[in-house]
Each structure stands twice: as structure tokens, then as C-alpha cells.
>>> print(open('query.cif').read())   # mmCIF, C-alpha atoms
data_target
loop_
_atom_site.label_atom_id
_atom_site.label_comp_id
_atom_site.auth_asym_id
_atom_site.auth_seq_id
_atom_site.Cartn_x
_atom_site.Cartn_y
_atom_site.Cartn_z
CA MET H 1 2.68 -11.73 22.13
CA ARG H 2 -0.17 -11.22 19.67
CA VAL H 3 -0.26 -7.89 17.88
CA LEU H 4 -2.85 -6.19 15.67
CA ILE H 5 -1.51 -3.71 13.09
CA ILE H 6 -4.14 -1.46 11.49
CA ASP H 7 -3.11 0.64 8.48
CA ASP H 8 -4.54 1.15 5.01
CA SER H 9 -0.99 0.85 3.66
CA ALA H 10 0.01 -2.81 3.30
CA VAL H 11 3.64 -1.69 3.06
CA MET H 12 3.39 0.15 6.37
CA ARG H 13 1.81 -2.88 8.06
CA LYS H 14 4.83 -4.95 6.99
CA VAL H 15 7.27 -2.19 8.03
CA VAL H 16 5.70 -1.87 11.49
CA GLY H 17 5.76 -5.65 12.00
CA LYS H 18 9.43 -5.71 10.96
CA ALA H 19 10.25 -2.83 13.33
CA LEU H 20 8.58 -4.66 16.24
CA ARG H 21 10.68 -7.75 15.58
CA GLU H 22 13.83 -5.63 15.23
CA ALA H 23 12.93 -3.99 18.53
CA GLY H 24 13.06 -7.42 20.15
CA LEU H 25 9.35 -8.16 20.55
CA GLU H 26 8.56 -11.86 20.23
CA LEU H 27 5.51 -12.01 18.00
CA ASP H 28 3.44 -15.19 18.32
CA GLU H 29 0.85 -13.86 15.92
CA VAL H 30 0.47 -10.69 13.83
CA TYR H 31 -3.06 -9.75 12.82
CA GLU H 32 -3.43 -7.14 10.07
CA ALA H 33 -6.37 -4.91 9.15
CA GLY H 34 -6.67 -2.29 6.39
CA ASN H 35 -9.18 -0.09 8.23
CA GLY H 36 -11.09 0.22 11.50
CA MET H 37 -13.98 -1.97 10.39
CA GLU H 38 -11.70 -4.85 9.49
CA ALA H 39 -9.92 -4.34 12.81
CA ILE H 40 -13.18 -4.65 14.77
CA GLU H 41 -13.90 -7.91 12.94
CA VAL H 42 -10.41 -9.18 13.82
CA LEU H 43 -10.93 -8.21 17.49
CA LEU H 44 -14.33 -9.91 17.68
CA ARG H 45 -13.06 -13.09 16.05
CA SER H 46 -9.78 -13.32 17.97
CA THR H 47 -11.47 -12.54 21.30
CA ALA H 48 -14.08 -15.26 20.69
CA GLU H 49 -11.25 -17.70 20.01
CA GLY H 50 -9.38 -16.64 23.15
CA ARG H 51 -6.56 -15.22 21.05
CA ALA H 52 -7.08 -11.47 21.43
CA PRO H 53 -4.10 -9.22 20.66
CA GLY H 54 -2.13 -7.83 23.59
CA LEU H 55 -1.03 -4.75 21.67
CA ILE H 56 -2.58 -2.69 18.86
CA LEU H 57 -0.77 -0.29 16.53
CA CYS H 58 -3.20 1.89 14.60
CA ASP H 59 -3.03 4.47 11.80
CA ILE H 60 -5.28 7.53 12.13
CA HIS H 61 -6.43 8.33 8.59
CA MET H 62 -8.04 5.29 6.97
CA PRO H 63 -11.04 4.69 4.70
CA LYS H 64 -14.37 3.25 5.94
CA LEU H 65 -13.58 3.60 9.66
CA ASP H 66 -10.59 5.71 10.78
CA GLY H 67 -8.46 5.30 13.88
CA ILE H 68 -10.68 7.46 16.09
CA GLY H 69 -13.81 5.61 14.94
CA PHE H 70 -12.08 2.31 15.63
CA LEU H 71 -11.22 3.36 19.20
CA ARG H 72 -14.80 4.45 19.92
CA GLU H 73 -16.34 1.33 18.37
CA ARG H 74 -13.92 -0.89 20.27
CA ALA H 75 -14.89 0.77 23.56
CA MET H 76 -18.61 0.49 22.80
CA LEU H 77 -18.19 -3.25 22.20
CA GLY H 78 -16.15 -3.72 25.37
CA LEU H 79 -13.09 -4.81 23.39
CA ASP H 80 -10.79 -2.14 24.79
CA GLY H 81 -8.43 -4.30 26.84
CA ALA H 82 -5.23 -4.02 24.82
CA PRO H 83 -3.08 -0.87 24.81
CA VAL H 84 -3.13 1.10 21.55
CA LEU H 85 -0.27 3.03 19.97
CA MET H 86 -1.32 5.40 17.20
CA ILE H 87 1.05 5.74 14.25
CA THR H 88 0.90 8.92 12.24
CA ALA H 89 2.83 10.83 9.58
CA ASP H 90 1.39 14.08 10.95
CA ALA H 91 2.13 14.43 14.65
CA SER H 92 0.63 17.95 14.66
CA ASP H 93 -2.71 16.55 13.50
CA PRO H 94 -5.41 17.48 16.07
CA LEU H 95 -6.70 13.95 15.62
CA VAL H 96 -3.71 12.67 17.60
CA ALA H 97 -5.11 14.39 20.71
CA ALA H 98 -8.58 13.13 19.78
CA ALA H 99 -7.19 9.59 19.59
CA ILE H 100 -5.66 9.88 23.07
CA ALA H 101 -9.01 11.19 24.35
CA ALA H 102 -10.75 8.23 22.69
CA GLY H 103 -8.58 5.70 24.50
CA ALA H 104 -5.22 5.48 22.72
CA ASN H 105 -2.25 5.13 25.07
CA GLY H 106 0.35 6.98 23.00
CA PHE H 107 1.56 7.68 19.49
CA VAL H 108 4.62 7.22 17.30
CA ALA H 109 5.39 9.71 14.53
CA LYS H 110 6.64 8.48 11.17
CA PRO H 111 9.43 8.23 10.23
CA PHE H 112 10.44 6.10 13.17
CA ARG H 113 13.38 3.90 14.11
CA ALA H 114 12.94 0.46 15.65
CA LYS H 115 14.20 1.92 18.96
CA GLN H 116 11.37 4.48 19.03
CA ILE H 117 8.80 1.71 18.55
CA CYS H 118 10.59 -0.25 21.27
CA ASP H 119 10.47 2.68 23.73
CA SER H 120 6.80 3.37 23.01
CA VAL H 121 5.77 -0.29 23.32
CA ARG H 122 7.65 -0.52 26.60
CA THR H 123 5.83 2.55 27.89
CA VAL H 124 2.29 1.55 26.90
CA ALA H 125 2.44 -2.24 27.16
CA GLY H 126 5.16 -2.81 29.76
CA VAL H 127 6.97 -5.31 27.54
CA LEU H 128 10.46 -5.32 25.95
CA MET R 1 -10.46 34.08 2.40
CA SER R 2 -7.88 35.14 -0.17
CA GLN R 3 -4.71 33.36 -1.19
CA THR R 4 -1.30 34.94 -1.12
CA ALA R 5 1.23 33.31 -3.43
CA GLN R 6 4.40 32.29 -1.62
CA CYS R 7 7.62 31.19 -3.27
CA ILE R 8 9.30 28.40 -1.38
CA SER R 9 12.51 29.67 0.12
CA ALA R 10 15.81 27.83 -0.12
CA GLY R 11 15.57 27.25 3.63
CA GLN R 12 12.19 25.60 3.31
CA PHE R 13 13.45 23.28 0.62
CA ASN R 14 16.57 22.54 2.65
CA GLU R 15 14.16 21.24 5.27
CA MET R 16 12.83 18.84 2.62
CA ASP R 17 16.39 17.65 1.97
CA GLU R 18 16.71 16.95 5.70
CA THR R 19 13.31 15.28 5.76
CA VAL R 20 14.19 12.96 2.88
CA ALA R 21 17.48 12.02 4.55
CA GLU R 22 15.73 11.39 7.88
CA ILE R 23 13.10 9.08 6.38
CA PHE R 24 15.55 7.00 4.37
CA THR R 25 18.00 6.71 7.26
CA ALA R 26 15.42 5.89 9.93
CA MET R 27 13.12 3.56 8.02
CA LEU R 28 15.27 2.10 5.26
CA GLN R 29 18.80 2.43 6.65
CA ILE R 30 19.84 3.90 3.28
CA GLU R 31 21.48 7.22 2.51
CA CYS R 32 19.45 9.49 0.24
CA LEU R 33 20.81 12.85 -0.91
CA PRO R 34 19.93 15.61 -3.35
CA ALA R 35 21.18 14.67 -6.83
CA HIS R 36 22.44 17.14 -9.37
CA VAL R 37 21.24 15.66 -12.64
CA PRO R 38 20.74 17.56 -15.91
CA SER R 39 17.03 16.66 -16.07
CA ALA R 40 14.51 15.01 -13.82
CA PRO R 41 13.95 11.29 -14.53
CA ASP R 42 10.86 10.19 -16.47
CA ALA R 43 8.01 9.85 -14.02
CA GLU R 44 5.61 6.94 -14.31
CA VAL R 45 4.48 6.46 -10.71
CA ARG R 46 3.48 9.52 -8.74
CA ALA R 47 1.90 10.16 -5.35
CA ARG R 48 0.38 13.46 -4.32
CA VAL R 49 -0.53 14.70 -0.82
CA ARG R 50 -2.45 17.98 -0.67
CA PHE R 51 -2.09 20.64 2.02
CA SER R 52 -5.17 22.55 3.13
CA GLY R 53 -6.12 24.99 5.84
CA THR R 54 -3.45 27.57 6.63
CA ILE R 55 -1.76 26.75 3.31
CA GLU R 56 -3.04 25.35 0.01
CA GLY R 57 -0.70 23.26 -2.06
CA GLU R 58 0.78 19.86 -2.53
CA CYS R 59 3.77 17.58 -2.24
CA VAL R 60 4.29 15.29 -5.25
CA VAL R 61 6.76 12.40 -5.35
CA SER R 62 7.61 10.93 -8.78
CA PHE R 63 9.44 7.73 -9.68
CA SER R 64 10.21 5.75 -12.80
CA SER R 65 8.65 2.26 -12.69
CA GLU R 66 12.04 0.73 -11.90
CA GLY R 67 12.73 3.32 -9.23
CA ALA R 68 9.36 2.73 -7.57
CA ALA R 69 10.09 -1.01 -7.51
CA SER R 70 13.47 -0.30 -5.87
CA LEU R 71 11.76 1.80 -3.21
CA ALA R 72 9.22 -0.93 -2.43
CA ASP R 73 11.97 -3.54 -2.28
CA ALA R 74 13.86 -1.33 0.18
CA PHE R 75 10.76 -0.96 2.39
CA LEU R 76 9.89 -4.65 2.37
CA GLY R 77 13.29 -6.30 2.06
CA SER R 78 11.94 -8.45 -0.77
CA VAL R 79 10.56 -8.13 -4.29
CA ALA R 80 7.21 -6.32 -4.20
CA ASP R 81 4.14 -6.81 -6.36
CA ASP R 82 2.52 -3.99 -8.32
CA ALA R 83 0.06 -2.99 -5.58
CA MET R 84 2.82 -2.84 -2.99
CA ILE R 85 4.97 -0.71 -5.32
CA GLY R 86 2.27 1.98 -5.61
CA ASP R 87 1.60 1.72 -1.90
CA ALA R 88 5.29 2.34 -1.11
CA VAL R 89 5.39 5.52 -3.21
CA GLY R 90 2.19 6.77 -1.56
CA GLU R 91 3.54 6.06 1.91
CA LEU R 92 6.82 7.84 1.16
CA CYS R 93 4.88 10.90 -0.04
CA ASN R 94 2.70 10.78 3.08
CA MET R 95 5.72 10.69 5.38
CA LEU R 96 7.55 13.42 3.45
CA ALA R 97 4.59 15.80 3.58
CA GLY R 98 3.93 15.13 7.26
CA ALA R 99 7.52 15.28 8.45
CA TRP R 100 8.36 18.37 6.33
CA LYS R 101 5.27 20.18 7.60
CA ARG R 102 6.24 19.40 11.19
CA ARG R 103 9.58 21.17 10.65
CA MET R 104 7.92 24.39 9.49
CA GLY R 105 6.63 27.22 11.66
CA PRO R 106 3.05 27.30 12.98
CA GLU R 107 1.76 28.94 9.79
CA ILE R 108 2.48 25.74 7.89
CA SER R 109 2.64 23.03 10.54
CA THR R 110 -1.03 23.43 11.41
CA ALA R 111 -2.17 22.72 7.84
CA SER R 112 -4.05 19.49 7.17
CA LEU R 113 -2.86 16.70 4.88
CA SER R 114 -4.91 14.66 2.44
CA VAL R 115 -4.44 10.93 2.02
CA PRO R 116 -1.97 10.14 -0.80
CA GLU R 117 -3.39 9.98 -4.33
CA LEU R 118 -1.53 7.64 -6.66
CA THR R 119 -1.31 8.14 -10.43
CA ARG R 120 0.51 6.12 -13.04
CA GLY R 121 1.48 6.85 -16.63
CA ILE R 122 3.35 9.53 -18.48
CA GLU R 123 3.76 12.76 -16.54
CA GLN R 124 0.96 15.18 -17.40
CA ALA R 125 1.42 18.89 -17.93
CA ASP R 126 1.79 20.80 -14.68
CA ARG R 127 -1.64 22.03 -13.65
CA LEU R 128 -0.43 23.97 -10.65
CA SER R 129 -1.08 27.64 -10.43
CA GLN R 130 1.13 28.07 -7.40
CA PRO R 131 4.86 28.59 -7.57
CA ASP R 132 6.68 25.33 -7.05
CA THR R 133 10.09 23.83 -6.57
CA LEU R 134 11.41 20.53 -7.82
CA GLN R 135 14.35 18.57 -6.43
CA THR R 136 15.83 15.27 -7.56
CA TYR R 137 17.13 12.83 -4.94
CA GLU R 138 19.20 9.67 -5.23
CA PHE R 139 19.39 6.48 -3.18
CA ALA R 140 21.15 3.27 -4.23
CA SER R 141 21.55 4.59 -7.82
CA THR R 142 17.80 5.30 -8.02
CA HIS R 143 16.51 8.81 -8.73
CA PHE R 144 13.19 10.35 -7.82
CA THR R 145 11.80 13.87 -7.58
CA VAL R 146 9.92 15.78 -4.93
CA ARG R 147 7.90 18.83 -5.90
CA LEU R 148 6.57 21.19 -3.27
CA ALA R 149 4.08 23.89 -4.14
CA PHE R 150 1.97 25.95 -1.80
CA ALA R 151 0.41 29.31 -1.17
CA LEU R 152 -0.24 30.80 2.24
CA ARG R 153 -3.88 31.58 3.05
CA SER R 154 -4.48 35.02 4.41
#
>>> encode(input="query.cif", output="C-alpha cells")
Amino acid sequence: MRVLIIDDSAVMRKVVGKALREAGLELDEVYEAGNGMEAIEVLLRSTAEGRAPGLILCDIHMPKLDGIGFLRERAMLGLDGAPVLMITADASDPLVAAAIAAGANGFVAKPFRAKQICDSVRTVAGVL
Amino acid sequence: MSQTAQCISAGQFNEMDETVAEIFTAMLQIECLPAHVPSAPDAEVRARVRFSGTIEGECVVSFSSEGAASLADAFLGSVADDAMIGDAVGELCNMLAGAWKRRMGPEISTASLSVPELTRGIEQADRLSQPDTLQTYEFASTHFTVRLAFALRS
């Protein structure tokens, strides 16, 4: 499976990738983006190459283009095929509900265990 | 809107102890507990997340350079470069502020969080006007401090 991890924290991108592997997800390719704009570029490029991600994990608060902006831009460009799990340190943030309204399929609150990522991925992507 | 100063209760800081333990156990598989040390360690790498809305205040996490490197190594499972070290301290602060806030009642849990601000260098004089509380924690022989300060908006 190809996965896109979007977070302005490089450490968190690595931690999420590690958690996915620990959860038992076989990752053929892990794309990383530090904000929504970079993520759109990754989606455009990977889709053109026939290697679009099958799952996206996305932070909410990011510079340049945040998680909500990314979801809206993705939909406008017709790139909204893959399920999206939002990852947030603030589960009471009203932007979590806004993200669901903008097309996200669920969210995971930090701190998380590998099993929580596993359960959420199974729910939104039907894998694991 | 006026501010009403609010001292952090022992119960509220106990929730921070639980939050610290939860984060280290869940994400790093390491035990982290309050440490009773005579003085807080020298702080050279700090991250600050501000609360706004129903409360005004901040959560500040401070590490020595060596301690910050240990934290990043624990997150990544390998030796981290300087950028990753700062990033790890910021991310810890972000999770602490968010997870602690979630444990509080609606007066606090509905406050907004800023993105983490990272500073390096010798600890500057405390510029806070709000009452605050400092606690030292220890994991794998590494110490760091968490300072919580806030005032309820009324």
C-alpha cells in the first residue's frame, strides 16, 4: 500500500510511519509532505505516474495550507479518492469536525498507540 | 473581557502527571514519572504552546541539549539531527498541551492551542504575569520540566 503522511513535524511523520508498520500495514511507498501545498503536489505527481496513495494521514494545523485547506483543494482538483485520517493533538478542536465535513473519514488523537492507528485504518480503509 | 487569575490546583497538575505518563507510554514505550530533584535542570531547548479563548496561558517544556537529544532519539529510534531534536521537543509540548486540555472540564477544554514555538539558549527571566506551576519529570535518566500557567477569562 502507498501512504501519504502530511505533518509539519518531521518527527511526527516518522512516528506515524513507524506506527503503521508496527500495526502490520505493508507499506510499498511512504510519501511525506510538510504542509497541504506540498501534499497537493505529491498527489498530482503520484496520480500522474499511476502511483497515487491509497491512504492519507493528515495533521490539521500546518503552515501555508492546513489540513482543512488541503481537503478542500484535493476535492476541487478531483484527487479525493483515498480515505483520509486526520491526526491531531487537540481532539476538542472544532476543526476536527470541519475536517470531517470537508471530506476526512476519521481522526486519531495524539498520543496514540499502534493499535489505535491500526483500528482507525481498518475502519476507514478496510485494510489490516 | 476581563481576566481572572487562577492558581493551578494540585488536581490539575496531577492531570499533567497522568498526561506525561500516557504520552511516554503510548508513543515511546518508556516510563516517565515526576522527579523530585533539588532544582530544575538547566534549560537550553524549550517549546511553548499558548492557550487562548476561554483561558489565556501557556504550557512550556524545557530540556537540556542532551535531554532533548535523548527525547528525539526515543521518538525516532535512531540518532537525530539538530532540526529533528527541536522538532521532537515541539511535538512533545504540542501533545502535552492538547492531551492535558482534553482532560480538563469544558471551561478549559474548549480553549484553542497555538502551534509550538521553539527557543534555544539560556533560560530567560520568567515573563509570565499569571501564576504558574513547574514540575520536573524523568525518563531513562533524563530530566525535563513542564510549566503550566493560565488565567481563566471571565
>>> resolve_selection(input="query.cif", expression="the PyMOL selection byres ((chain R) within 7 of (chain H))", output="list in words")
Ile23, Ala26, Met27, Phe75, Leu76, Met84, Asp87, Ala88, Asn94, Met95, Gly98, Ala99, Arg102, Ser109 and Thr110 of chain R
>>> resolve_selection(input="query.cif", expression="the PyMOL selection byres ((chain H and resi 69) around 10)", output="MDAnalysis selection string")
chainID H and resid 35:37 60 62 64:68 70:75 99 102
>>> closest_atom_pairs(input="query.cif", of="range 83-118 of chain R", to="range 42-56 of chain R", cutoff="7 Å", atoms="all atoms listed in the file", output="tab-separated table")
residue	atom	partner	partner_atom	distance
R:Val89	CA	R:Ala47	CA	6.2
R:Gly90	CA	R:Ala47	CA	5.1
R:Cys93	CA	R:Ala47	CA	6.1
R:Asn94	CA	R:Val49	CA	6.4
R:Ala97	CA	R:Val49	CA	6.8
R:Glu107	CA	R:Thr54	CA	6.2
R:Ile108	CA	R:Ile55	CA	6.3
R:Thr110	CA	R:Thr54	CA	6.8
R:Ala111	CA	R:Gly53	CA	5.0
R:Ser112	CA	R:Ser52	CA	5.2
R:Leu113	CA	R:Phe51	CA	4.9
R:Ser114	CA	R:Arg50	CA	5.2
R:Val115	CA	R:Val49	CA	6.1
R:Pro116	CA	R:Val49	CA	4.8
R:Glu117	CA	R:Arg48	CA	5.1
R:Leu118	CA	R:Ala47	CA	4.5
>>> residues_near_point(input="query.cif", point="(19.5, 13.5, -11.7)", cutoff="12 Å", atoms="only C-alpha atoms", output="list in words")
Leu33, Pro34, Ala35, His36, Val37, Pro38, Ser39, Ala40, Pro41, Asp42, Phe63, Leu134, Gln135, Thr136, Tyr137, Glu138, Phe139, Ser141, Thr142, His143, Phe144, Thr145 and Val146 of chain R
>>> atom_distance(input="query.cif", atom1="CA of Pro53 in chain H", atom2="CA of Ile5 in chain H")
9.7 Å
>>> atom_distance(input="query.cif", atom1="CA of Ser64 in chain R", atom2="CA of Gln12 in chain R")
25.6 Å
>>> build_atoms(input="query.cif", residues="range 35-51 of chain H", atoms="N, CA and C atoms", output="PDB file, in the frame of the given file")
ATOM      1  N   ASN H  35      -8.383  -1.229   7.748  1.00  0.00           N
ATOM      2  CA  ASN H  35      -9.180  -0.090   8.230  1.00  0.00           C
ATOM      3  C   ASN H  35      -9.822  -0.483   9.562  1.00  0.00           C
ATOM      4  N   GLY H  36     -10.518   0.468  10.179  1.00  0.00           N
ATOM      5  CA  GLY H  36     -11.090   0.220  11.500  1.00  0.00           C
ATOM      6  C   GLY H  36     -12.149  -0.868  11.514  1.00  0.00           C
ATOM      7  N   MET H  37     -12.928  -0.951  10.434  1.00  0.00           N
ATOM      8  CA  MET H  37     -13.980  -1.970  10.390  1.00  0.00           C
ATOM      9  C   MET H  37     -13.384  -3.377  10.368  1.00  0.00           C
ATOM     10  N   GLU H  38     -12.373  -3.541   9.528  1.00  0.00           N
ATOM     11  CA  GLU H  38     -11.700  -4.850   9.490  1.00  0.00           C
ATOM     12  C   GLU H  38     -11.086  -5.173  10.851  1.00  0.00           C
ATOM     13  N   ALA H  39     -10.560  -4.137  11.508  1.00  0.00           N
ATOM     14  CA  ALA H  39      -9.920  -4.340  12.810  1.00  0.00           C
ATOM     15  C   ALA H  39     -10.934  -4.801  13.859  1.00  0.00           C
ATOM     16  N   ILE H  40     -12.126  -4.224  13.830  1.00  0.00           N
ATOM     17  CA  ILE H  40     -13.180  -4.650  14.770  1.00  0.00           C
ATOM     18  C   ILE H  40     -13.529  -6.121  14.533  1.00  0.00           C
ATOM     19  N   GLU H  41     -13.610  -6.500  13.253  1.00  0.00           N
ATOM     20  CA  GLU H  41     -13.900  -7.910  12.940  1.00  0.00           C
ATOM     21  C   GLU H  41     -12.795  -8.821  13.479  1.00  0.00           C
ATOM     22  N   VAL H  42     -11.545  -8.392  13.315  1.00  0.00           N
ATOM     23  CA  VAL H  42     -10.410  -9.180  13.820  1.00  0.00           C
ATOM     24  C   VAL H  42     -10.514  -9.299  15.342  1.00  0.00           C
ATOM     25  N   LEU H  43     -10.835  -8.186  16.014  1.00  0.00           N
ATOM     26  CA  LEU H  43     -10.930  -8.210  17.490  1.00  0.00           C
ATOM     27  C   LEU H  43     -12.052  -9.141  17.947  1.00  0.00           C
ATOM     28  N   LEU H  44     -13.207  -9.049  17.291  1.00  0.00           N
ATOM     29  CA  LEU H  44     -14.330  -9.910  17.680  1.00  0.00           C
ATOM     30  C   LEU H  44     -13.978 -11.381  17.506  1.00  0.00           C
ATOM     31  N   ARG H  45     -13.387 -11.699  16.356  1.00  0.00           N
ATOM     32  CA  ARG H  45     -13.060 -13.090  16.050  1.00  0.00           C
ATOM     33  C   ARG H  45     -11.972 -13.626  16.986  1.00  0.00           C
ATOM     34  N   SER H  46     -10.905 -12.835  17.157  1.00  0.00           N
ATOM     35  CA  SER H  46      -9.780 -13.320  17.970  1.00  0.00           C
ATOM     36  C   SER H  46     -10.162 -13.419  19.450  1.00  0.00           C
ATOM     37  N   THR H  47     -11.019 -12.495  19.896  1.00  0.00           N
ATOM     38  CA  THR H  47     -11.470 -12.540  21.300  1.00  0.00           C
ATOM     39  C   THR H  47     -12.332 -13.780  21.535  1.00  0.00           C
ATOM     40  N   ALA H  48     -13.215 -14.072  20.572  1.00  0.00           N
ATOM     41  CA  ALA H  48     -14.080 -15.260  20.690  1.00  0.00           C
ATOM     42  C   ALA H  48     -13.251 -16.537  20.732  1.00  0.00           C
ATOM     43  N   GLU H  49     -12.121 -16.514  20.047  1.00  0.00           N
ATOM     44  CA  GLU H  49     -11.250 -17.700  20.010  1.00  0.00           C
ATOM     45  C   GLU H  49     -10.263 -17.727  21.172  1.00  0.00           C
ATOM     46  N   GLY H  50     -10.326 -16.708  22.034  1.00  0.00           N
ATOM     47  CA  GLY H  50      -9.380 -16.640  23.150  1.00  0.00           C
ATOM     48  C   GLY H  50      -7.984 -16.264  22.726  1.00  0.00           C
ATOM     49  N   ARG H  51      -7.876 -15.597  21.578  1.00  0.00           N
ATOM     50  CA  ARG H  51      -6.560 -15.220  21.050  1.00  0.00           C
ATOM     51  C   ARG H  51      -6.524 -13.728  20.740  1.00  0.00           C
TER      52      ARG H  51
END
